[in-house]
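Chemist: Provided herewith: coords07.cif, mmCIF, C-alpha atoms (C1' of nucleotides).
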data_work
loop_
_atom_site.label_atom_id
_atom_site.label_comp_id
_atom_site.auth_asym_id
_atom_site.auth_seq_id
_atom_site.Cartn_x
_atom_site.Cartn_y
_atom_site.Cartn_z
CA MET Q 24 30.24 16.83 19.12
CA ALA Q 25 27.93 19.51 17.80
CA ASP Q 26 27.42 22.64 19.85
CA LYS Q 27 24.64 22.32 22.34
CA GLY Q 28 21.34 23.14 20.70
CA LYS Q 29 22.86 23.60 17.26
CA LEU Q 30 22.01 21.52 14.25
CA SER Q 31 25.00 20.27 12.33
CA PRO Q 32 24.16 19.23 8.77
CA GLU Q 33 27.72 17.90 8.40
CA ALA Q 34 27.39 15.65 11.45
CA ILE Q 35 24.00 14.46 10.28
CA ARG Q 36 25.40 13.64 6.82
CA GLU Q 37 28.29 11.74 8.40
CA ARG Q 38 25.94 9.85 10.66
CA ARG Q 39 23.83 8.88 7.68
CA ALA Q 40 26.83 7.65 5.72
CA HIS Q 41 28.06 5.70 8.72
CA GLU Q 42 24.76 3.87 9.17
CA GLU Q 43 24.73 3.00 5.46
CA LEU Q 44 27.31 0.34 6.36
CA ASN Q 45 25.52 -1.03 9.40
CA VAL Q 46 23.68 -4.24 8.48
CA PHE Q 47 21.33 -3.98 11.44
CA SER Q 48 20.38 -0.43 10.50
CA ARG Q 49 19.75 -1.32 6.90
CA LEU Q 50 17.43 -4.31 7.33
CA PRO Q 51 14.25 -2.58 8.60
CA ALA Q 52 14.04 -0.26 5.60
CA VAL Q 53 14.79 -2.98 3.07
CA TYR Q 54 12.16 -5.22 4.61
CA ALA Q 55 9.63 -2.37 4.68
CA ALA Q 56 10.37 -1.53 1.03
CA SER Q 57 9.92 -5.17 0.08
CA ARG Q 58 6.60 -5.32 1.87
CA LYS Q 59 5.40 -2.07 0.31
CA GLN Q 60 6.36 -3.14 -3.20
CA GLY Q 61 4.80 -6.56 -2.64
CA GLN Q 62 1.58 -4.92 -1.56
CA GLN Q 63 1.65 -2.69 -4.65
CA PHE Q 64 2.01 -5.73 -6.90
CA LEU Q 65 -0.79 -7.57 -5.12
CA GLN Q 66 -3.08 -4.55 -5.43
CA ARG Q 67 -2.72 -5.09 -9.14
CA GLY Q 68 -3.14 -8.81 -8.81
CA GLY Q 69 -6.49 -9.20 -7.14
CA GLY Q 70 -6.03 -7.13 -3.99
CA ILE Q 71 -5.09 -9.92 -1.57
CA SER Q 72 -2.69 -9.29 1.31
CA ILE Q 73 0.88 -10.52 1.47
CA VAL Q 74 0.06 -13.19 4.06
CA GLU Q 75 -2.92 -14.32 1.97
CA TRP Q 76 -0.73 -14.50 -1.13
CA ARG Q 77 1.98 -16.54 0.59
CA THR Q 78 -0.56 -18.92 2.03
CA LEU Q 79 -2.47 -19.47 -1.20
CA TRP Q 80 0.82 -20.00 -3.00
CA ASP Q 81 1.95 -22.61 -0.43
CA LEU Q 82 -1.36 -24.47 -0.59
CA CYS Q 83 -1.60 -24.43 -4.39
CA GLU Q 84 1.99 -25.61 -4.77
CA ALA Q 85 2.22 -28.17 -1.99
CA GLY Q 86 -1.35 -29.21 -1.25
CA PRO Q 87 -3.17 -29.33 2.07
CA MET Q 88 -1.12 -28.77 5.20
CA THR Q 89 -1.30 -27.87 8.87
CA ILE Q 90 -0.84 -24.46 10.39
CA ARG Q 91 2.54 -25.58 11.63
CA ASP Q 92 3.55 -26.55 8.08
CA LEU Q 93 2.53 -23.12 6.76
CA ALA Q 94 4.41 -21.40 9.58
CA ALA Q 95 7.53 -23.46 8.85
CA ILE Q 96 7.48 -22.70 5.11
CA GLN Q 97 6.86 -19.02 5.75
CA ARG Q 98 9.41 -18.88 8.57
CA ALA Q 99 6.80 -17.15 10.70
CA ASP Q 100 5.18 -17.65 14.06
CA HIS Q 101 2.14 -19.95 13.94
CA SER Q 102 -0.02 -17.18 15.41
CA LEU Q 103 0.36 -15.15 12.23
CA LEU Q 104 -1.30 -17.99 10.29
CA SER Q 105 -3.74 -18.77 13.08
CA ARG Q 106 -5.02 -15.26 12.79
CA ALA Q 107 -5.06 -14.93 9.03
CA LEU Q 108 -6.75 -18.22 8.19
CA PRO Q 109 -10.23 -17.69 9.65
CA ASP Q 110 -10.59 -14.54 7.53
CA MET Q 111 -9.41 -16.44 4.48
CA ARG Q 112 -11.97 -19.13 5.25
CA ASP Q 113 -14.67 -16.46 5.60
CA LYS Q 114 -13.63 -15.12 2.19
CA GLY Q 115 -14.04 -18.61 0.80
CA PHE Q 116 -10.34 -19.02 -0.08
CA VAL Q 117 -9.60 -22.01 2.17
CA THR Q 118 -11.20 -24.70 4.27
CA MET Q 119 -10.03 -25.47 7.79
CA THR Q 120 -10.72 -29.00 8.97
CA ARG Q 121 -9.80 -30.59 12.26
CA ASP Q 122 -7.60 -33.62 11.58
CA GLU Q 123 -9.56 -36.78 12.49
CA ALA Q 124 -6.39 -38.62 13.46
CA ASP Q 125 -5.06 -35.82 15.66
CA LYS Q 126 -7.67 -33.32 16.80
CA ARG Q 127 -5.02 -30.86 17.87
CA GLN Q 128 -4.22 -30.21 14.21
CA THR Q 129 -6.12 -28.16 11.64
CA VAL Q 130 -5.69 -29.13 7.99
CA VAL Q 131 -5.89 -26.17 5.63
CA GLU Q 132 -6.88 -26.70 2.03
CA VAL Q 133 -7.34 -24.29 -0.85
CA THR Q 134 -10.78 -23.97 -2.42
CA SER Q 135 -11.55 -23.36 -6.09
CA LYS Q 136 -12.22 -19.74 -5.17
CA GLY Q 137 -8.88 -19.53 -3.43
CA ARG Q 138 -7.18 -21.09 -6.42
CA ALA Q 139 -8.82 -18.49 -8.64
CA ALA Q 140 -7.48 -15.70 -6.43
CA TYR Q 141 -4.06 -17.34 -6.62
CA GLU Q 142 -4.26 -17.53 -10.43
CA VAL Q 143 -4.91 -13.79 -10.61
CA ALA Q 144 -2.01 -12.88 -8.35
CA ALA Q 145 0.48 -15.49 -9.52
CA PRO Q 146 1.49 -13.95 -12.89
CA VAL Q 147 1.83 -10.50 -11.31
CA MET Q 148 4.11 -11.85 -8.59
CA ALA Q 149 6.00 -13.93 -11.13
CA ARG Q 150 6.63 -10.70 -13.00
CA ARG Q 151 8.06 -9.21 -9.82
CA ARG Q 152 10.51 -12.09 -9.47
CA ALA Q 153 11.45 -11.81 -13.14
CA ALA Q 154 12.00 -8.08 -12.75
CA LEU Q 155 14.39 -8.75 -9.87
CA ARG Q 156 16.38 -11.08 -12.14
CA GLU Q 157 16.61 -8.27 -14.69
CA SER Q 158 17.96 -6.01 -11.97
CA MET Q 159 20.36 -8.44 -10.30
CA THR Q 160 22.27 -11.30 -11.94
CA GLU Q 161 21.64 -14.91 -10.93
CA ASP Q 162 25.08 -14.93 -9.31
CA GLU Q 163 24.30 -11.81 -7.30
CA ILE Q 164 21.00 -13.24 -6.11
CA ARG Q 165 22.66 -16.52 -5.20
CA ALA Q 166 25.42 -14.68 -3.34
CA PHE Q 167 22.83 -12.58 -1.57
CA ILE Q 168 20.87 -15.67 -0.45
CA THR Q 169 24.09 -17.27 0.81
CA LEU Q 170 25.00 -14.20 2.83
CA LEU Q 171 21.40 -13.80 4.03
CA THR Q 172 21.45 -17.39 5.35
CA LYS Q 173 24.75 -16.73 7.12
CA LEU Q 174 23.31 -13.57 8.65
CA GLU Q 175 20.11 -15.39 9.64
CA ASP Q 176 22.14 -18.05 11.44
CA PHE Q 177 23.98 -15.32 13.33
CA LEU Q 178 20.72 -13.55 14.18
CA HIS Q 179 19.35 -16.76 15.63
CA THR Q 180 22.20 -16.82 18.13
CA PRO Q 181 20.77 -15.75 21.49
CA ALA Q 182 22.11 -12.49 22.87
CA ASP Q 183 23.28 -14.17 26.07
CA GLN Q 184 25.46 -16.56 24.09
CA LEU Q 185 27.10 -13.68 22.24
CA LEU Q 186 27.51 -11.56 25.35
CA GLU Q 187 28.86 -14.49 27.34
CA ARG Q 188 31.41 -15.24 24.67
CA GLU Q 189 33.03 -11.85 25.19
CA THR Q 190 33.09 -12.34 28.93
CA HIS Q 191 35.10 -15.51 28.48
CA GLN Q 192 37.49 -14.02 26.00
CA MET U 30 -0.53 -32.02 -7.10
CA ALA U 31 -1.20 -33.77 -3.83
CA ASP U 32 -4.33 -35.85 -3.50
CA LYS U 33 -7.30 -33.87 -2.37
CA GLY U 34 -7.33 -33.64 1.39
CA LYS U 35 -4.04 -35.48 1.77
CA LEU U 36 -0.98 -34.04 3.35
CA SER U 37 2.20 -34.58 1.41
CA PRO U 38 5.35 -34.19 3.53
CA GLU U 39 7.44 -34.52 0.37
CA ALA U 40 5.60 -31.67 -1.37
CA ILE U 41 5.87 -29.54 1.77
CA ARG U 42 9.61 -30.23 1.99
CA GLU U 43 10.08 -29.30 -1.67
CA ARG U 44 8.05 -26.14 -1.20
CA ARG U 45 10.19 -25.17 1.74
CA ALA U 46 13.41 -25.77 -0.18
CA HIS U 47 12.08 -23.78 -3.11
CA GLU U 48 11.25 -20.76 -1.00
CA GLU U 49 14.73 -20.87 0.57
CA LEU U 50 15.93 -19.32 -2.69
CA ASN U 51 13.27 -16.63 -2.94
CA VAL U 52 14.66 -13.30 -1.75
CA PHE U 53 11.21 -11.86 -1.07
CA SER U 54 10.27 -14.88 1.04
CA ARG U 55 13.45 -14.72 3.05
CA LEU U 56 13.44 -11.06 4.08
CA PRO U 57 10.55 -11.02 6.59
CA ALA U 58 12.10 -13.73 8.76
CA VAL U 59 15.58 -12.24 8.64
CA TYR U 60 14.23 -8.84 9.59
CA ALA U 61 12.13 -10.36 12.40
CA ALA U 62 15.16 -12.29 13.69
CA SER U 63 17.23 -9.11 13.64
CA ARG U 64 14.60 -7.24 15.57
CA LYS U 65 14.21 -10.01 18.11
CA GLN U 66 17.94 -10.32 18.70
CA GLY U 67 18.28 -6.54 18.92
CA GLN U 68 15.56 -6.45 21.55
CA GLN U 69 17.34 -9.22 23.49
CA PHE U 70 20.57 -7.22 23.48
CA LEU U 71 18.78 -4.04 24.57
CA GLN U 72 17.04 -5.89 27.39
CA ARG U 73 20.53 -6.47 28.71
CA GLY U 74 21.57 -2.93 27.98
CA GLY U 75 19.11 -0.85 29.94
CA GLY U 76 15.80 -2.09 28.58
CA ILE U 77 15.17 0.60 25.97
CA SER U 78 13.35 -0.20 22.72
CA ILE U 79 14.95 -0.47 19.31
CA VAL U 80 13.52 2.84 18.13
CA GLU U 81 14.67 4.50 21.37
CA TRP U 82 18.13 3.03 20.93
CA ARG U 83 18.45 4.19 17.33
CA THR U 84 17.26 7.66 18.20
CA LEU U 85 19.54 8.10 21.20
CA TRP U 86 22.45 6.83 19.15
CA ASP U 87 21.70 9.33 16.33
CA LEU U 88 21.39 12.25 18.75
CA CYS U 89 24.51 11.37 20.76
CA GLU U 90 26.59 10.89 17.62
CA ALA U 91 25.32 13.75 15.48
CA GLY U 92 23.85 16.24 17.91
CA PRO U 93 20.43 17.91 17.85
CA MET U 94 18.31 17.39 14.79
CA THR U 95 14.79 17.58 13.41
CA ILE U 96 12.30 14.76 13.15
CA ARG U 97 12.90 14.72 9.41
CA ASP U 98 16.63 14.29 10.00
CA LEU U 99 16.03 11.34 12.33
CA ALA U 100 13.63 9.78 9.84
CA ALA U 101 16.16 10.18 7.04
CA ILE U 102 19.03 8.60 9.01
CA GLN U 103 16.81 5.74 10.14
CA ARG U 104 15.25 5.34 6.67
CA ALA U 105 11.84 5.36 8.31
CA ASP U 106 8.60 7.30 7.97
CA HIS U 107 8.55 10.50 10.03
CA SER U 108 5.45 9.26 11.89
CA LEU U 109 7.48 6.51 13.55
CA LEU U 110 9.64 9.20 15.16
CA SER U 111 6.71 11.54 15.72
CA ARG U 112 5.10 8.82 17.78
CA ALA U 113 8.15 7.64 19.69
CA LEU U 114 9.56 11.02 20.71
CA PRO U 115 6.88 12.28 23.12
CA ASP U 116 7.31 9.12 25.19
CA MET U 117 11.07 9.57 25.15
CA ARG U 118 10.56 13.16 26.31
CA ASP U 119 8.25 11.93 29.08
CA LYS U 120 10.98 9.51 30.14
CA GLY U 121 13.38 12.43 30.28
CA PHE U 122 15.63 11.11 27.47
CA VAL U 123 15.15 14.01 25.05
CA THR U 124 13.86 17.54 24.74
CA MET U 125 11.61 18.63 21.89
CA THR U 126 11.76 22.32 21.04
CA ARG U 127 9.94 24.17 18.31
CA ASP U 128 12.51 25.79 16.01
CA GLU U 129 12.29 29.59 16.45
CA ALA U 130 13.36 30.19 12.86
CA ASP U 131 10.90 27.70 11.37
CA LYS U 132 7.98 26.85 13.61
CA ARG U 133 7.09 23.86 11.47
CA GLN U 134 10.18 22.07 12.75
CA THR U 135 10.84 20.42 16.09
CA VAL U 136 14.46 20.20 17.24
CA VAL U 137 15.19 17.09 19.25
CA GLU U 138 18.10 17.05 21.65
CA VAL U 139 19.42 14.39 24.00
CA THR U 140 19.39 15.08 27.72
CA SER U 141 22.00 13.92 30.25
CA LYS U 142 19.55 11.22 31.27
CA GLY U 143 19.17 10.14 27.67
CA ARG U 144 22.91 10.12 27.25
CA ALA U 145 23.20 7.93 30.33
CA ALA U 146 20.71 5.47 28.84
CA TYR U 147 22.73 5.52 25.62
CA GLU U 148 25.97 4.83 27.55
CA VAL U 149 24.42 1.72 29.10
CA ALA U 150 23.18 0.32 25.81
CA ALA U 151 26.08 1.35 23.61
CA PRO U 152 28.70 -1.22 24.72
CA VAL U 153 26.12 -4.02 24.53
CA MET U 154 25.16 -3.06 20.99
CA ALA U 155 28.81 -2.59 20.07
CA ARG U 156 29.34 -6.14 21.21
CA ARG U 157 26.58 -7.24 18.87
CA ARG U 158 28.27 -5.58 15.93
CA ALA U 159 31.62 -7.10 16.92
CA ALA U 160 30.00 -10.52 17.17
CA LEU U 161 28.68 -10.15 13.63
CA ARG U 162 32.23 -9.44 12.45
CA GLU U 163 33.38 -12.65 14.13
CA SER U 164 30.66 -14.50 12.28
CA MET U 165 31.05 -12.88 8.84
CA THR U 166 34.25 -11.52 7.29
CA GLU U 167 34.59 -7.82 6.46
CA ASP U 168 34.44 -8.75 2.77
CA GLU U 169 31.23 -10.72 3.27
CA ILE U 170 29.61 -7.85 5.16
CA ARG U 171 30.72 -5.37 2.51
CA ALA U 172 29.40 -7.63 -0.25
CA PHE U 173 26.16 -8.03 1.63
CA ILE U 174 25.73 -4.27 2.02
CA THR U 175 26.43 -3.79 -1.69
CA LEU U 176 23.83 -6.37 -2.67
CA LEU U 177 21.39 -5.02 -0.08
CA THR U 178 21.70 -1.55 -1.62
CA LYS U 179 21.11 -2.98 -5.08
CA LEU U 180 18.06 -4.84 -3.81
CA GLU U 181 16.79 -1.73 -2.02
CA ASP U 182 17.03 0.28 -5.24
CA PHE U 183 15.03 -2.40 -7.02
CA LEU U 184 12.45 -2.47 -4.22
CA HIS U 185 11.99 1.28 -4.53
CA THR U 186 10.89 0.81 -8.13
CA PRO U 187 7.13 1.26 -8.23
CA ALA U 188 5.16 -1.80 -9.21
CA ASP U 189 3.51 0.02 -12.12
CA GLN U 190 6.90 0.77 -13.62
CA LEU U 191 7.93 -2.88 -13.44
CA LEU U 192 4.58 -4.17 -14.72
CA GLU U 193 4.51 -1.61 -17.54
CA ARG U 194 7.98 -2.59 -18.63
CA GLU U 195 6.82 -6.10 -19.42
CA THR U 196 3.84 -4.81 -21.33
CA HIS U 197 6.17 -2.90 -23.60
CA GLN U 198 8.50 -5.80 -24.13
"C1'" DA D 14 -4.49 -46.84 34.57
"C1'" DA D 15 -3.09 -42.50 35.92
"C1'" DA D 16 -0.03 -38.74 35.91
"C1'" DA D 17 3.13 -35.85 33.63
"C1'" DA D 18 5.05 -33.92 29.57
"C1'" DT D 19 4.63 -32.40 25.03
"C1'" DT D 20 2.30 -30.59 21.03
"C1'" DA D 21 -1.12 -27.72 18.17
"C1'" DT D 22 -3.82 -23.97 17.86
"C1'" DA D 23 -6.30 -19.67 19.37
"C1'" DT D 24 -6.03 -15.30 21.42
"C1'" DG D 25 -4.26 -11.15 24.16
"C1'" DA D 26 -1.01 -7.81 23.92
"C1'" DC D 27 2.64 -5.57 22.00
"C1'" DT D 28 6.36 -3.55 18.60
"C1'" DT D 29 7.54 -1.64 14.48
"C1'" DG D 30 6.60 -0.32 10.21
"C1'" DT D 31 3.59 2.37 6.70
"C1'" DC D 32 -0.05 5.41 4.25
"C1'" DA D 33 -3.31 9.03 4.43
"C1'" DC D 34 -5.01 13.10 6.12
"C1'" DG D 35 -5.25 17.40 8.79
"C1'" DT D 36 -3.21 21.60 10.69
"C1'" DA D 37 0.24 25.05 10.93
"C1'" DT D 38 3.95 27.37 8.88
"C1'" DT D 39 6.96 28.91 5.30
"C1'" DA D 40 8.17 29.63 0.46
"C1'" DT D 41 6.87 30.73 -4.09
"C1'" DT D 42 4.01 32.64 -7.55
"C1'" DT D 43 0.79 35.86 -9.26
"C1'" DA J 16 -0.43 41.90 -0.83
"C1'" DA J 17 -2.77 37.88 -1.67
"C1'" DA J 18 -3.14 33.35 -3.33
"C1'" DT J 19 -1.09 29.01 -4.08
"C1'" DA J 20 2.19 25.42 -3.30
"C1'" DA J 21 5.26 23.05 -0.48
"C1'" DT J 22 6.97 21.44 3.90
"C1'" DA J 23 6.99 19.61 8.87
"C1'" DC J 24 4.80 17.26 12.13
"C1'" DG J 25 0.89 14.89 14.68
"C1'" DT J 26 -2.56 11.43 14.50
"C1'" DG J 27 -5.88 7.75 12.73
"C1'" DA J 28 -5.84 3.42 10.91
"C1'" DC J 29 -3.84 -0.57 9.40
"C1'" DA J 30 -0.46 -4.67 8.23
"C1'" DA J 31 2.71 -7.80 9.66
"C1'" DG J 32 5.53 -9.60 12.77
"C1'" DT J 33 6.39 -11.58 17.71
"C1'" DC J 34 5.93 -13.43 22.69
"C1'" DA J 35 3.15 -15.27 26.27
"C1'" DT J 36 -0.63 -17.78 27.89
"C1'" DA J 37 -4.63 -20.85 27.90
"C1'" DT J 38 -7.09 -24.85 26.34
"C1'" DA J 39 -7.45 -29.26 24.24
"C1'" DA J 40 -5.40 -33.36 22.61
"C1'" DT J 41 -1.80 -36.73 22.24
"C1'" DT J 42 2.34 -39.02 23.83
"C1'" DT J 43 5.33 -40.58 27.26
"C1'" DT J 44 6.43 -41.95 31.80
"C1'" DT J 45 5.45 -43.98 36.08
#
Mind turning this structure into structure tokens?
Modeler:
Amino acid sequence: MADKGKLSPEAIRERRAHEELNVFSRLPAVYAASRKQGQQFLQRGGGISIVEWRTLWDLCEAGPMTIRDLAAIQRADHSLLSRALPDMRDKGFVTMTRDEADKRQTVVEVTSKGRAAYEVAAPVMARRRAALRESMTEDEIRAFITLLTKLEDFLHTPADQLLERETHQ
Amino acid sequence: MADKGKLSPEAIRERRAHEELNVFSRLPAVYAASRKQGQQFLQRGGGISIVEWRTLWDLCEAGPMTIRDLAAIQRADHSLLSRALPDMRDKGFVTMTRDEADKRQTVVEVTSKGRAAYEVAAPVMARRRAALRESMTEDEIRAFITLLTKLEDFLHTPADQLLERETHQ
DNA sequence: AAAAATTATATGACTTGTCACGTATTATTT
DNA sequence: AAATAATACGTGACAAGTCATATAATTTTT
């Protein structure tokens, strides 16, 4: 333990090295770096936001869908889409239509303007994915996805279940 | 392409499966799940926030340090710490003292109250890390960290550099 | 037919991240 | 000694995530 009131560069360096190996400590920065780089790419591909990009991509690839569908594909809370879509409609990128058969649902569809915005961003973002494949092999990416899925499953385990497990051991 | 205005469950399913293999698409949800689970654990370990937990852990393990030090260990922007620390001081968890030798710097130190809060949360969070090791082997975690570091390096590459590289190919 | 339960979306509020900028201080250069 | 550059931190503003709640609509149960 460092002396009271005294900085210890050695202890700080050790702490840093220790946290390098802590998955939970590493995720926030990796996610933030991904977001930042994604935003940089999109700035050069029409200036749309990451949520706008994801949504236009989903709609152009898979056709009209509900807010729930978008949330499921994007693995996000529906409120994120609920909030983003009216602005996208105001920008002329999408239409939002109440489903006649089930008035609880809103069907979101891309417009020609939205498709145009997608076409500007798509090659830039494709370049990003290609660049990742130049940096990491297909096997590495596949291994990473496998481990990421395993981690995600673990992270979806409620804290109580994990804490209770120890109690019973 | 789906018929205009028509939902296509098949296309949506395919889209979902496709994005399962996209690293950039997967990260936000994994990070959000990690944060959520971390908050759940902390709720059962004294009720402190994730940033508070990280900071108390850093200070208890490595002793007093500057805001820059904390930011470096946590791989976060200094403003995140700059914002969190006054509240932690107000809660009595830390002291913030201007460095006599360099008045630009603030030295942050844990108090006995902060250490007590750390002692409540620490075993709960240790349990979380142990639970991860029950879920993933040491080799898997090590492999994941290695790939995460590789990905992080890639993500720190500016977009211009990656876009320019293609231009010159 | 009516009541209860479930589902879909919108919105309030919050957390956690960042970038940009300003101020104060120290270090370096002239 | 003075000017310039660099560094540390505080703050404004914003993006992207979530949880909780309310309202409306549909489905299920009684």
Chemist: Work out how far apart CA of Gln69 in chain U and CA of Ala182 in chain Q are and give it in Å to one decimal.
Modeler: 5.8 Å
Chemist: Write down, as a PDB file with C-alpha atoms (C1' of nucleotides), in the frame of the given file, each residue of chain D that has any atom within 9 Å of an atom of chain U, counting all atoms listed in the file.
Modeler:
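The new file result32.pdb reads:
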ATOM      1  C1'  DT D  28       6.360  -3.550  18.600  1.00  0.00           C
ATOM      2  C1'  DT D  29       7.540  -1.640  14.480  1.00  0.00           C
ATOM      3  C1'  DG D  30       6.600  -0.320  10.210  1.00  0.00           C
ATOM      4  C1'  DT D  31       3.590   2.370   6.700  1.00  0.00           C
ATOM      5  C1'  DA D  37       0.240  25.050  10.930  1.00  0.00           C
ATOM      6  C1'  DT D  38       3.950  27.370   8.880  1.00  0.00           C
ATOM      7  C1'  DT D  39       6.960  28.910   5.300  1.00  0.00           C
TER       8       DT D  39
END
Chemist: Find the spatial neighbours of range 133-137 of chain Q, counting all atoms listed in the file, within a cut-off of 7 Å - ignore same-chain residues fewer than 2 positions away - and output them as a list in words.
Modeler: Leu79, Leu82, Cys83, Gly115, Phe116, Val117, Thr118, Val131, Ala139, Ala140 and Tyr141 of chain Q
Chemist: Please measure the separation of CA of Arg39 in chain Q and CA of Leu177 in chain U, giving the value in Å to one decimal.
Modeler: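 Atom-to-atom, CA of Arg39 in chain Q to CA of Leu177 in chain U, that is 16.1 Å.
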Chemist: Could you state which residues are captured by the PyMOL selection byres ((chain U) within 12 of (chain J)) in this file, as a PyMOL selection string?
Modeler: chain U and resi 56-66+68+95-98+100+106-115+125+127-128+131-136
Chemist: Between Q:Met111, Q:Met159, Q:Val143, Q:Ile71, which has the minimum distance to chain U (counting all atoms listed in the file)?
Modeler: Q:Met159
Chemist: If I take CA of Gln190 in chain U and CA of Ile168 in chain Q, how far is one from the other in Å, to one decimal?
Modeler: 25.3 Å
Chemist: U:Thr126, U:Pro38, U:Ala91, U:His47: which is nearest chain Q, counting all atoms listed in the file?
Modeler: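 Nearest candidate to chain Q out of U:Thr126, U:Pro38, U:Ala91, U:His47: U:Ala91.
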Chemist: Run through the PyMOL selection byres ((chain Q and resi 33) around 12) on the given coordinates and return the selected residues as an NGL selection string.
Modeler: (:Q and (24-25 or 29-32 or 34-40)) or (:U and (90-94 or 98))
Chemist: Reconstruct range 82-88 of chain U at the level of all heavy atoms, and format the result as a short mmCIF file (atom, residue, chain, number, x, y, z; two decimals), keeping the file's coordinate frame.
Modeler:
data_model
loop_
_atom_site.label_atom_id
_atom_site.label_comp_id
_atom_site.auth_asym_id
_atom_site.auth_seq_id
_atom_site.Cartn_x
_atom_site.Cartn_y
_atom_site.Cartn_z
N TRP U 82 16.69 3.21 21.08
CA TRP U 82 18.13 3.03 20.93
C TRP U 82 18.64 3.77 19.72
O TRP U 82 19.60 4.55 19.79
CB TRP U 82 18.49 1.54 20.83
CG TRP U 82 19.80 1.29 20.13
CD1 TRP U 82 19.99 0.70 18.92
CD2 TRP U 82 21.11 1.69 20.58
NE1 TRP U 82 21.33 0.69 18.60
CE2 TRP U 82 22.04 1.30 19.59
CE3 TRP U 82 21.58 2.33 21.73
CZ2 TRP U 82 23.42 1.52 19.73
CZ3 TRP U 82 22.95 2.56 21.85
CH2 TRP U 82 23.84 2.15 20.87
N ARG U 83 18.02 3.54 18.57
CA ARG U 83 18.45 4.19 17.33
C ARG U 83 18.45 5.70 17.46
O ARG U 83 19.36 6.39 17.01
CB ARG U 83 17.50 3.82 16.18
CG ARG U 83 17.73 2.47 15.60
CD ARG U 83 17.13 2.33 14.20
NE ARG U 83 15.79 2.82 14.02
CZ ARG U 83 14.75 2.04 13.71
NH1 ARG U 83 14.91 0.75 13.56
NH2 ARG U 83 13.57 2.57 13.53
N THR U 84 17.41 6.22 18.09
CA THR U 84 17.26 7.66 18.20
C THR U 84 18.31 8.25 19.14
O THR U 84 18.92 9.28 18.81
CB THR U 84 15.83 7.99 18.67
OG1 THR U 84 14.91 7.40 17.76
CG2 THR U 84 15.61 9.48 18.75
N LEU U 85 18.53 7.61 20.27
CA LEU U 85 19.54 8.10 21.20
C LEU U 85 20.92 8.04 20.57
O LEU U 85 21.75 8.94 20.74
CB LEU U 85 19.51 7.29 22.51
CG LEU U 85 18.30 7.54 23.40
CD1 LEU U 85 18.32 6.60 24.61
CD2 LEU U 85 18.25 9.00 23.87
N TRP U 86 21.17 6.98 19.83
CA TRP U 86 22.45 6.83 19.15
C TRP U 86 22.65 7.98 18.14
O TRP U 86 23.70 8.61 18.11
CB TRP U 86 22.49 5.46 18.44
CG TRP U 86 23.84 5.02 17.97
CD1 TRP U 86 25.06 5.60 18.26
CD2 TRP U 86 24.14 3.91 17.13
NE1 TRP U 86 26.07 4.90 17.65
CE2 TRP U 86 25.54 3.85 16.95
CE3 TRP U 86 23.36 2.95 16.52
CZ2 TRP U 86 26.18 2.87 16.18
CZ3 TRP U 86 23.99 1.97 15.75
CH2 TRP U 86 25.38 1.94 15.58
N ASP U 87 21.62 8.24 17.33
CA ASP U 87 21.70 9.33 16.33
C ASP U 87 21.99 10.67 17.01
O ASP U 87 22.85 11.43 16.58
CB ASP U 87 20.40 9.43 15.54
CG ASP U 87 20.19 8.24 14.60
OD1 ASP U 87 21.18 7.55 14.29
OD2 ASP U 87 19.03 8.01 14.19
N LEU U 88 21.26 10.96 18.08
CA LEU U 88 21.39 12.25 18.75
C LEU U 88 22.74 12.39 19.46
O LEU U 88 23.35 13.46 19.44
CB LEU U 88 20.24 12.44 19.76
CG LEU U 88 18.85 12.55 19.14
CD1 LEU U 88 17.78 12.51 20.23
CD2 LEU U 88 18.71 13.84 18.32
#
